[in-house]
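For reference, the structure discussed in these notes is given below.
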Amino acid sequence: MLMSLPANPVPTDLYQILVSPGHHWLPWYIWGGGVYSTKYGYDTSKYIGYMGTISVPFSGHVNVKSLRITGSVNGSSASSEGAMVGARLYVREGNLSWSLASILIDRRTVPTSSLGSIYVDVTQSAGGFAADANTHQLAIELFGEGQGIATVTGFVVNL
Amino acid sequence: MNKQLKVSRGKDLLSIQLAGHSYVRITDEAGNETFRSDSDARHVNAIVSPGRYVVETDGKLNKLTQSAREPRHREARPVQAMKPPKPGK
């Protein structure tokens, strides 16, 4: 089963933070699907932040085969660094959680001109983890860093 | 084009530079696909565990670089929610 978490507009309060006296816009456009909650602590001096957590609903018994991310990540340009985006598929069991699959796209120091294409379509194996909806929950954590623009258009979890 | 690769202990990030491709994928010793990119971007990152792999593409592999992720980009170790770390640790 391919579970697609399509692109939905993210509420404004997820991608802007208040910096006195006005708003400071994050350098990413974050899109996600499903039920999500933000836990970012964006540090504007270090350009790093947790962008959100997207739940992955499922029922019964499944084998978690892979996590896929699609979108675009810009590289650096002149003196401005590019963007980095990371996504992790987590499983929770009781009061323990751990990562089944991790994706990292780091283009902070890669010139956009040498990329050829800024698009990303990356699939990472989750090892076929046997999940049971009665005891496990799944969620994708999204984080980013850098000054460049990245757009996540969707996640696909192959169950 | 493909290339065999041994990822050393302490390394967990592969930077792959390639050209003229439509995909690049990494398989482990058992032939299981652990990573795949279906973009024609010429710079790709892959997270891997130590071990032996084959990097395969329909284009040209220009450069493979192993490195370690920055600590803040690594997964946290499993944490007991009922026993949170002490402040400052």
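Just so we're on the same page: first chain in the structure tokens is A, next is B, and so on; residues restart at 1 for each chain, and ligands are numbered from 1 in the order they show up.
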Can you build me a table of chain A residues sitting at most 6 Å from chain B, with the closest atom pair per residue and its distance in Å to one decimal, using only C-alpha atoms, sorted by chain and residue number, as JSON lines?
```
{"residue": "A:Asn95", "atom": "CA", "partner": "B:Ala81", "partner_atom": "CA", "distance": 5.1}
{"residue": "A:Leu96", "atom": "CA", "partner": "B:Gln80", "partner_atom": "CA", "distance": 5.5}
{"residue": "A:Ser97", "atom": "CA", "partner": "B:Pro78", "partner_atom": "CA", "distance": 5.7}
{"residue": "A:Trp98", "atom": "CA", "partner": "B:Pro78", "partner_atom": "CA", "distance": 5.4}
{"residue": "A:Ile105", "atom": "CA", "partner": "B:Asn45", "partner_atom": "CA", "distance": 5.7}
{"residue": "A:Leu115", "atom": "CA", "partner": "B:Arg42", "partner_atom": "CA", "distance": 4.9}
{"residue": "A:Gly116", "atom": "CA", "partner": "B:Ala41", "partner_atom": "CA", "distance": 5.5}
{"residue": "A:Ser117", "atom": "CA", "partner": "B:Ala41", "partner_atom": "CA", "distance": 4.5}
{"residue": "A:Val120", "atom": "CA", "partner": "B:Ser39", "partner_atom": "CA", "distance": 5.5}
{"residue": "A:Asp121", "atom": "CA", "partner": "B:Asp38", "partner_atom": "CA", "distance": 5.3}
{"residue": "A:Val122", "atom": "CA", "partner": "B:Ser37", "partner_atom": "CA", "distance": 4.4}
{"residue": "A:Thr123", "atom": "CA", "partner": "B:Arg36", "partner_atom": "CA", "distance": 5.1}
{"residue": "A:Gln124", "atom": "CA", "partner": "B:Phe35", "partner_atom": "CA", "distance": 4.6}
{"residue": "A:Ser125", "atom": "CA", "partner": "B:Thr34", "partner_atom": "CA", "distance": 4.8}
```
Those residues you just picked out, can you put them in a file as a PDB file, in the first residue's frame with N, CA and C atoms?
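Below you can see part_31.pdb, which holds the result:
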```
ATOM      1  N   ASN A  95       6.550   4.018  25.368  1.00  0.00           N
ATOM      2  CA  ASN A  95       7.213   5.302  25.581  1.00  0.00           C
ATOM      3  C   ASN A  95       8.578   5.358  24.904  1.00  0.00           C
ATOM      4  N   LEU A  96       8.780   4.501  23.888  1.00  0.00           N
ATOM      5  CA  LEU A  96      10.019   4.525  23.111  1.00  0.00           C
ATOM      6  C   LEU A  96       9.717   4.929  21.669  1.00  0.00           C
ATOM      7  N   SER A  97      10.600   5.688  21.075  1.00  0.00           N
ATOM      8  CA  SER A  97      10.465   5.971  19.647  1.00  0.00           C
ATOM      9  C   SER A  97      11.840   5.917  19.004  1.00  0.00           C
ATOM     10  N   TRP A  98      11.876   5.525  17.741  1.00  0.00           N
ATOM     11  CA  TRP A  98      13.141   5.473  17.022  1.00  0.00           C
ATOM     12  C   TRP A  98      12.874   5.640  15.534  1.00  0.00           C
ATOM     13  N   ILE A 105      18.992  15.957   2.550  1.00  0.00           N
ATOM     14  CA  ILE A 105      19.371  16.593   1.286  1.00  0.00           C
ATOM     15  C   ILE A 105      20.064  17.895   1.648  1.00  0.00           C
ATOM     16  N   LEU A 115      24.046  22.109  -9.972  1.00  0.00           N
ATOM     17  CA  LEU A 115      23.097  21.035  -9.685  1.00  0.00           C
ATOM     18  C   LEU A 115      22.435  20.496 -10.948  1.00  0.00           C
ATOM     19  N   GLY A 116      22.248  21.355 -11.935  1.00  0.00           N
ATOM     20  CA  GLY A 116      21.523  20.942 -13.121  1.00  0.00           C
ATOM     21  C   GLY A 116      20.023  20.970 -12.901  1.00  0.00           C
ATOM     22  N   SER A 117      19.583  20.395 -11.806  1.00  0.00           N
ATOM     23  CA  SER A 117      18.166  20.383 -11.450  1.00  0.00           C
ATOM     24  C   SER A 117      18.068  20.509  -9.946  1.00  0.00           C
ATOM     25  N   VAL A 120      14.075  17.030  -6.220  1.00  0.00           N
ATOM     26  CA  VAL A 120      14.444  15.849  -5.446  1.00  0.00           C
ATOM     27  C   VAL A 120      13.293  14.845  -5.461  1.00  0.00           C
ATOM     28  N   ASP A 121      13.657  13.601  -5.558  1.00  0.00           N
ATOM     29  CA  ASP A 121      12.704  12.495  -5.469  1.00  0.00           C
ATOM     30  C   ASP A 121      13.494  11.331  -4.875  1.00  0.00           C
ATOM     31  N   VAL A 122      13.529  11.286  -3.565  1.00  0.00           N
ATOM     32  CA  VAL A 122      14.403  10.351  -2.859  1.00  0.00           C
ATOM     33  C   VAL A 122      13.571   9.342  -2.076  1.00  0.00           C
ATOM     34  N   THR A 123      13.941   8.091  -2.202  1.00  0.00           N
ATOM     35  CA  THR A 123      13.278   7.013  -1.464  1.00  0.00           C
ATOM     36  C   THR A 123      14.306   6.300  -0.604  1.00  0.00           C
ATOM     37  N   GLN A 124      14.003   6.148   0.661  1.00  0.00           N
ATOM     38  CA  GLN A 124      14.910   5.476   1.591  1.00  0.00           C
ATOM     39  C   GLN A 124      14.195   4.276   2.190  1.00  0.00           C
ATOM     40  N   SER A 125      14.877   3.154   2.209  1.00  0.00           N
ATOM     41  CA  SER A 125      14.276   1.941   2.767  1.00  0.00           C
ATOM     42  C   SER A 125      14.011   2.098   4.258  1.00  0.00           C
TER      43      SER A 125
END
```
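Residue neighbourhood of Asp58 in chain B, excluding near-sequence residues (fewer than 3 positions): B:Met1, B:His21, B:Ser22, B:Tyr23, at 7 Å, using only C-alpha atoms.
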What does the file look like for those residues with N, CA and C atoms, as a PDB file, in the first residue's frame?
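Output file part03.pdb follows:
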```
ATOM      1  N   MET B   1      26.238   2.268 -15.102  1.00  0.00           N
ATOM      2  CA  MET B   1      27.528   2.289 -14.426  1.00  0.00           C
ATOM      3  C   MET B   1      27.307   1.985 -12.953  1.00  0.00           C
ATOM      4  N   HIS B  21      22.146  11.213 -15.935  1.00  0.00           N
ATOM      5  CA  HIS B  21      21.431  10.083 -15.334  1.00  0.00           C
ATOM      6  C   HIS B  21      19.951  10.417 -15.164  1.00  0.00           C
ATOM      7  N   SER B  22      19.182   9.369 -14.963  1.00  0.00           N
ATOM      8  CA  SER B  22      17.790   9.577 -14.569  1.00  0.00           C
ATOM      9  C   SER B  22      17.542   9.009 -13.174  1.00  0.00           C
ATOM     10  N   TYR B  23      18.456   8.173 -12.695  1.00  0.00           N
ATOM     11  CA  TYR B  23      18.318   7.631 -11.342  1.00  0.00           C
ATOM     12  C   TYR B  23      19.699   7.267 -10.802  1.00  0.00           C
TER      13      TYR B  23
END
```
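You can rank B:Asp28, B:Leu5, B:Lys11, B:Ile16 by their closest distance to Leu64 in chain B using only C-alpha atoms, and at the top of that list sits B:Ile16.
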Per-residue DSSP, range 55-121 of chain A, filtered to alpha helix (DSSP H), as a list in words: Thr112, Ser113, Ser114 and Leu115 of chain A
Please measure the separation of CA of Tyr90 in chain A and CA of His61 in chain A, giving the value in Å to one decimal. 16.5 Å
